[in-house]
Amino acid sequence: MQKQQPLSGLFFALLAVLMWGTLPIALQPILKEMNAQTIVWFRFIVAMIGVFFMLFFSKKLPKVTALSRKDLGLLLLGISGLSGNFFLFNLALRYIPATTSQVISPLSSFAMILCGAFLFKETIRLNQKLGFIVVIIGLILFFHNRFADFSQMNGYAFGILCGTLASFIWVGYGLSQRILLERFNSVQILFMIYMGCSLVFTPLSDFSQAVNLSSFAAICLVYCCLNTIIAYGSYAEALNRWDVSKVSIMMPLIPIATMIFSEMAYFWKPESFTPPDLSLLTVLGACLVVFGALFSAVGHKLLHRRRVKK
């Protein structure tokens with residue numbers, strides 16, 4: 001790890017938040033002209049090429065011969081998890097606003113906590129339990145005016161279902177990466193999984209749709225493709241230059257960033273972007289979700305300090 005560089009660490013953490021916060025907004029205009037699987041293929045292939053050159057010039061390309069049968073099984077799990085997450089996330093954005101897709105995303109973190117408890121016998125801390133309760137209360141407030149949609153199982157409810165499944169399916173990728181880190185670094189794992197995901201979506205994609213994209217949708221597609229590399233690269237650099245706990249504090253801010261930029265995007269180009277449709281209660285619910293995710297990530301430090309003072 002490099003020497004602590006708080007300012008540059010903060011910069012890279014904010015850049016990662018900006019990238020992930022604006023991603024679902026930029027995807028909306030593309031989804032009007034291109035199907036989800038083709039968008040996902042473009043994102044994966046560009047990310048794979050970018051990571052390949054990073055590993056090639058640093059002479060850290062993973063050796064295929066070093067892969068055991070267990071490694072291959074874990075890679076298949078990771079490929080299934082990440083490809084399913086990307087596809088369902090993109091599909092959900094056809095039916096729900098960008099902010100809504102980000103508000104339900106912290107569910108993947110809590111699913112990972114449960115998996116860690118069952119598979120690795122990790123202890124679920126008090127702050128994680130309290131954080132989960134706050135997130136659930138926040139989600140109830142956020143969707144307070146949408147319960148009728150759930151009972152009717154309309155397009156909005158289908159979008160929420162896709163977004164929720166995307167969060168849970170991501171756990172397959174999270175688990176495989178965690179175990180594979182014993183033999184490979186995170187960038188090597190991403191390269192192998194990106195390559196596998198690209199192969200999964202190659203036969204499912206309609207590349208002719210890219211030719212017929214409008215200029216604005218094409219720009220958004222380029223941004224979304226580069227977004228994956230920049231976001232993950234910035235996140236890695238932030239962890240390398242700043243405390244993990246401080247970087248973790250920044251990540252729950254992603255839904256807030258999406259909320260702000262959704263308002264700006266709709267004001268700027270209403271024909272291309274979906275209105276956020278936020279009331280006071282939905283904003284309060286989103287803030288509670290952010291606080292619950294934040295408290296789950298770093299609340300143990302606050303609880304520990306309180307015990308020490310006593």
# chains A, B, ... in the order shown; residues from 1 in each chain; ligands from 1
>>> select_by_dssp(residues="segment 175-302 of chain A", states="alpha helix (DSSP H)", output="ChimeraX atom specification")
/A:175-180,186-201,208-211,215-241,244-250,254-268,280-302
>>> closest_atom_pairs(of="segment 185-227 of chain A", to="segment 154-173 of chain A", cutoff="12 Å", atoms="only C-alpha atoms", output="JSON lines")
{"residue": "A:Ser186", "atom": "CA", "partner": "A:Tyr173", "partner_atom": "CA", "distance": 11.8}
{"residue": "A:Ile189", "atom": "CA", "partner": "A:Tyr173", "partner_atom": "CA", "distance": 10.1}
{"residue": "A:Leu190", "atom": "CA", "partner": "A:Tyr173", "partner_atom": "CA", "distance": 9.8}
{"residue": "A:Met192", "atom": "CA", "partner": "A:Tyr173", "partner_atom": "CA", "distance": 11.9}
{"residue": "A:Ile193", "atom": "CA", "partner": "A:Tyr173", "partner_atom": "CA", "distance": 8.7}
{"residue": "A:Tyr194", "atom": "CA", "partner": "A:Tyr173", "partner_atom": "CA", "distance": 11.1}
{"residue": "A:Cys197", "atom": "CA", "partner": "A:Tyr173", "partner_atom": "CA", "distance": 11.3}
>>> residues_around(residues="Pro276 of chain A", least_positions_apart="4", cutoff="10 Å", atoms="only C-alpha atoms", output="list in words")
Ile96, Pro97, Ala98, Thr99, Thr100, Thr258, Met259, Ile260, Phe261, Ser262, Glu263, Met264, Ala265 and Tyr266 of chain A
>>> atom_distance(atom1="atom CA of Phe291 of chain A", atom2="atom CA of Ser234 of chain A")
22.9 Å
>>> atom_distance(atom1="atom CA of Ser198 of chain A", atom2="atom CA of Arg43 of chain A")
8.7 Å
>>> atom_distance(atom1="atom CA of Phe118 of chain A", atom2="atom CA of Tyr232 of chain A")
27.7 Å
>>> closest_residue(among="A:Leu180, A:Ala257, A:Val283, A:Ala293", to="Leu15 of chain A", atoms="only C-alpha atoms")
A:Ala257
>>> residues_around(residues="Asp71 of chain A", least_positions_apart="5", cutoff="10 Å", atoms="only C-alpha atoms", output="ChimeraX atom specification")
/A:66,76-77,176,179-180,183
>>> closest_residue(among="A:Ile136, A:Cys224, A:Ile230, A:Leu93", to="Ala36 of chain A", atoms="only C-alpha atoms")
A:Leu93
>>> residues_around(residues="segment 49-59 of chain A", least_positions_apart="5", cutoff="8 Å", atoms="only C-alpha atoms", output="ChimeraX atom specification")
/A:187-188,190-191,229
>>> residues_around(residues="Thr38 of chain A", least_positions_apart="2", cutoff="8 Å", atoms="only C-alpha atoms", output="tab-separated table (two decimals) with all heavy atoms, in the first residue's frame")
chain	number	residue	atom	x	y	z
A	34	MET	N	-31.51	0.81	-27.81
A	34	MET	CA	-30.71	-0.41	-27.81
A	34	MET	C	-31.17	-1.32	-26.69
A	34	MET	O	-31.54	-0.84	-25.62
A	34	MET	CB	-29.22	-0.04	-27.64
A	34	MET	CG	-28.26	-1.20	-27.68
A	34	MET	SD	-26.53	-0.65	-27.48
A	34	MET	CE	-26.17	-0.02	-29.12
A	35	ASN	N	-31.17	-2.64	-26.93
A	35	ASN	CA	-31.61	-3.55	-25.87
A	35	ASN	C	-30.53	-3.72	-24.80
A	35	ASN	O	-29.36	-3.39	-25.01
A	35	ASN	CB	-32.05	-4.91	-26.44
A	35	ASN	CG	-30.92	-5.63	-27.19
A	35	ASN	OD1	-29.77	-5.60	-26.78
A	35	ASN	ND2	-31.27	-6.30	-28.28
A	36	ALA	N	-30.95	-4.23	-23.65
A	36	ALA	CA	-30.07	-4.30	-22.48
A	36	ALA	C	-28.84	-5.18	-22.72
A	36	ALA	O	-27.73	-4.83	-22.33
A	36	ALA	CB	-30.86	-4.81	-21.27
A	40	VAL	N	-24.85	-4.15	-22.42
A	40	VAL	CA	-23.98	-4.85	-21.47
A	40	VAL	C	-22.76	-5.41	-22.19
A	40	VAL	O	-21.64	-5.36	-21.67
A	40	VAL	CB	-24.77	-5.97	-20.75
A	40	VAL	CG1	-23.83	-6.86	-19.95
A	40	VAL	CG2	-25.82	-5.37	-19.83
A	41	TRP	N	-22.96	-5.97	-23.40
A	41	TRP	CA	-21.82	-6.51	-24.16
A	41	TRP	C	-20.79	-5.42	-24.43
A	41	TRP	O	-19.59	-5.63	-24.24
A	41	TRP	CB	-22.29	-7.10	-25.49
A	41	TRP	CG	-21.16	-7.71	-26.27
A	41	TRP	CD1	-20.65	-8.96	-26.16
A	41	TRP	CD2	-20.34	-7.03	-27.26
A	41	TRP	NE1	-19.59	-9.14	-27.02
A	41	TRP	CE2	-19.37	-7.96	-27.70
A	41	TRP	CE3	-20.34	-5.75	-27.80
A	41	TRP	CZ2	-18.43	-7.65	-28.67
A	41	TRP	CZ3	-19.38	-5.43	-28.76
A	41	TRP	CH2	-18.44	-6.37	-29.19
A	42	PHE	N	-21.24	-4.25	-24.88
A	42	PHE	CA	-20.31	-3.14	-25.15
A	42	PHE	C	-19.56	-2.74	-23.88
A	42	PHE	O	-18.35	-2.49	-23.92
A	42	PHE	CB	-21.07	-1.95	-25.73
A	42	PHE	CG	-21.25	-2.00	-27.21
A	42	PHE	CD1	-22.49	-2.30	-27.76
A	42	PHE	CD2	-20.19	-1.75	-28.07
A	42	PHE	CE1	-22.67	-2.36	-29.14
A	42	PHE	CE2	-20.36	-1.81	-29.45
A	42	PHE	CZ	-21.61	-2.11	-29.99
A	201	PHE	N	-22.51	-12.67	-23.55
A	201	PHE	CA	-23.45	-11.77	-24.23
A	201	PHE	C	-23.20	-11.64	-25.73
A	201	PHE	O	-24.02	-11.03	-26.43
A	201	PHE	CB	-23.43	-10.39	-23.58
A	201	PHE	CG	-24.14	-10.35	-22.26
A	201	PHE	CD1	-23.43	-10.39	-21.06
A	201	PHE	CD2	-25.52	-10.30	-22.20
A	201	PHE	CE1	-24.09	-10.36	-19.84
A	201	PHE	CE2	-26.19	-10.29	-20.98
A	201	PHE	CZ	-25.48	-10.32	-19.80
A	204	LEU	N	-26.01	-13.05	-27.78
A	204	LEU	CA	-27.30	-12.47	-27.43
A	204	LEU	C	-27.45	-11.04	-27.90
A	204	LEU	O	-28.53	-10.46	-27.79
A	204	LEU	CB	-27.48	-12.50	-25.89
A	204	LEU	CG	-27.36	-13.87	-25.21
A	204	LEU	CD1	-27.42	-13.70	-23.69
A	204	LEU	CD2	-28.45	-14.81	-25.69
A	205	SER	N	-26.38	-10.47	-28.44
A	205	SER	CA	-26.38	-9.04	-28.77
A	205	SER	C	-26.75	-8.79	-30.23
A	205	SER	O	-26.51	-9.62	-31.10
A	205	SER	CB	-24.99	-8.45	-28.48
A	205	SER	OG	-24.65	-8.66	-27.12
A	206	ASP	N	-27.32	-7.63	-30.46
A	206	ASP	CA	-27.67	-7.18	-31.81
A	206	ASP	C	-26.82	-5.96	-32.13
A	206	ASP	O	-27.17	-4.82	-31.81
A	206	ASP	CB	-29.16	-6.83	-31.87
A	206	ASP	CG	-29.60	-6.39	-33.27
A	206	ASP	OD1	-28.77	-6.42	-34.19
A	206	ASP	OD2	-30.78	-5.99	-33.40
A	207	PHE	N	-25.67	-6.20	-32.78
A	207	PHE	CA	-24.70	-5.14	-32.99
A	207	PHE	C	-25.17	-4.10	-34.01
A	207	PHE	O	-24.63	-2.99	-34.07
A	207	PHE	CB	-23.36	-5.74	-33.42
A	207	PHE	CG	-22.85	-6.78	-32.46
A	207	PHE	CD1	-22.79	-8.12	-32.84
A	207	PHE	CD2	-22.48	-6.44	-31.18
A	207	PHE	CE1	-22.34	-9.08	-31.94
A	207	PHE	CE2	-22.03	-7.39	-30.27
A	207	PHE	CZ	-21.96	-8.72	-30.66
>>> residues_around(residues="Ser214 of chain A", least_positions_apart="3", cutoff="10 Å", atoms="only C-alpha atoms", output="JSON list (two decimals) with all heavy atoms, in the first residue's frame")
[["chain", "number", "residue", "atom", "x", "y", "z"],
["A", 29, "PRO", "N", -31.04, 7.15, -21.94],
["A", 29, "PRO", "CA", -31.25, 7.45, -23.37],
["A", 29, "PRO", "C", -30.87, 6.28, -24.29],
["A", 29, "PRO", "O", -31.48, 6.11, -25.35],
["A", 29, "PRO", "CB", -30.32, 8.66, -23.62],
["A", 29, "PRO", "CG", -30.07, 9.23, -22.27],
["A", 29, "PRO", "CD", -30.09, 8.07, -21.33],
["A", 30, "ILE", "N", -29.88, 5.48, -23.88],
["A", 30, "ILE", "CA", -29.44, 4.36, -24.73],
["A", 30, "ILE", "C", -30.51, 3.28, -24.77],
["A", 30, "ILE", "O", -30.75, 2.66, -25.80],
["A", 30, "ILE", "CB", -28.12, 3.75, -24.21],
["A", 30, "ILE", "CG1", -27.13, 4.84, -23.82],
["A", 30, "ILE", "CG2", -27.49, 2.85, -25.26],
["A", 30, "ILE", "CD1", -25.92, 4.32, -23.08],
["A", 33, "GLU", "N", -33.05, 3.06, -27.48],
["A", 33, "GLU", "CA", -32.63, 2.73, -28.85],
["A", 33, "GLU", "C", -31.87, 1.40, -28.94],
["A", 33, "GLU", "O", -31.60, 0.92, -30.05],
["A", 33, "GLU", "CB", -31.75, 3.85, -29.40],
["A", 33, "GLU", "CG", -32.40, 5.23, -29.37],
["A", 33, "GLU", "CD", -31.50, 6.32, -29.92],
["A", 33, "GLU", "OE1", -30.70, 6.02, -30.83],
["A", 33, "GLU", "OE2", -31.59, 7.48, -29.44],
["A", 210, "ALA", "N", -26.15, -0.57, -32.81],
["A", 210, "ALA", "CA", -25.14, 0.47, -32.57],
["A", 210, "ALA", "C", -25.02, 1.41, -33.76],
["A", 210, "ALA", "O", -24.75, 2.61, -33.61],
["A", 210, "ALA", "CB", -23.79, -0.16, -32.26],
["A", 211, "VAL", "N", -25.23, 0.88, -34.96],
["A", 211, "VAL", "CA", -25.10, 1.69, -36.17],
["A", 211, "VAL", "C", -26.21, 2.74, -36.25],
["A", 211, "VAL", "O", -26.00, 3.85, -36.76],
["A", 211, "VAL", "CB", -25.16, 0.78, -37.43],
["A", 211, "VAL", "CG1", -25.04, 1.62, -38.70],
["A", 211, "VAL", "CG2", -24.06, -0.27, -37.37],
["A", 217, "ALA", "N", -27.26, 9.34, -27.95],
["A", 217, "ALA", "CA", -27.23, 8.00, -27.36],
["A", 217, "ALA", "C", -25.85, 7.37, -27.53],
["A", 217, "ALA", "O", -25.37, 6.65, -26.64],
["A", 217, "ALA", "CB", -28.30, 7.12, -28.00],
["A", 218, "ALA", "N", -25.20, 7.63, -28.67],
["A", 218, "ALA", "CA", -23.85, 7.09, -28.91],
["A", 218, "ALA", "C", -22.85, 7.67, -27.91],
["A", 218, "ALA", "O", -21.98, 6.95, -27.39],
["A", 218, "ALA", "CB", -23.42, 7.39, -30.34],
["A", 219, "ILE", "N", -22.97, 8.97, -27.63],
["A", 219, "ILE", "CA", -22.09, 9.60, -26.64],
["A", 219, "ILE", "C", -22.32, 8.99, -25.27],
["A", 219, "ILE", "O", -21.36, 8.70, -24.53],
["A", 219, "ILE", "CB", -22.34, 11.13, -26.61],
["A", 219, "ILE", "CG1", -21.87, 11.77, -27.91],
["A", 219, "ILE", "CG2", -21.61, 11.77, -25.41],
["A", 219, "ILE", "CD1", -22.29, 13.22, -28.07],
["A", 220, "CYS", "N", -23.59, 8.77, -24.93],
["A", 220, "CYS", "CA", -23.92, 8.14, -23.64],
["A", 220, "CYS", "C", -23.36, 6.72, -23.56],
["A", 220, "CYS", "O", -22.88, 6.30, -22.50],
["A", 220, "CYS", "CB", -25.43, 8.12, -23.43],
["A", 220, "CYS", "SG", -26.16, 9.73, -23.12]]
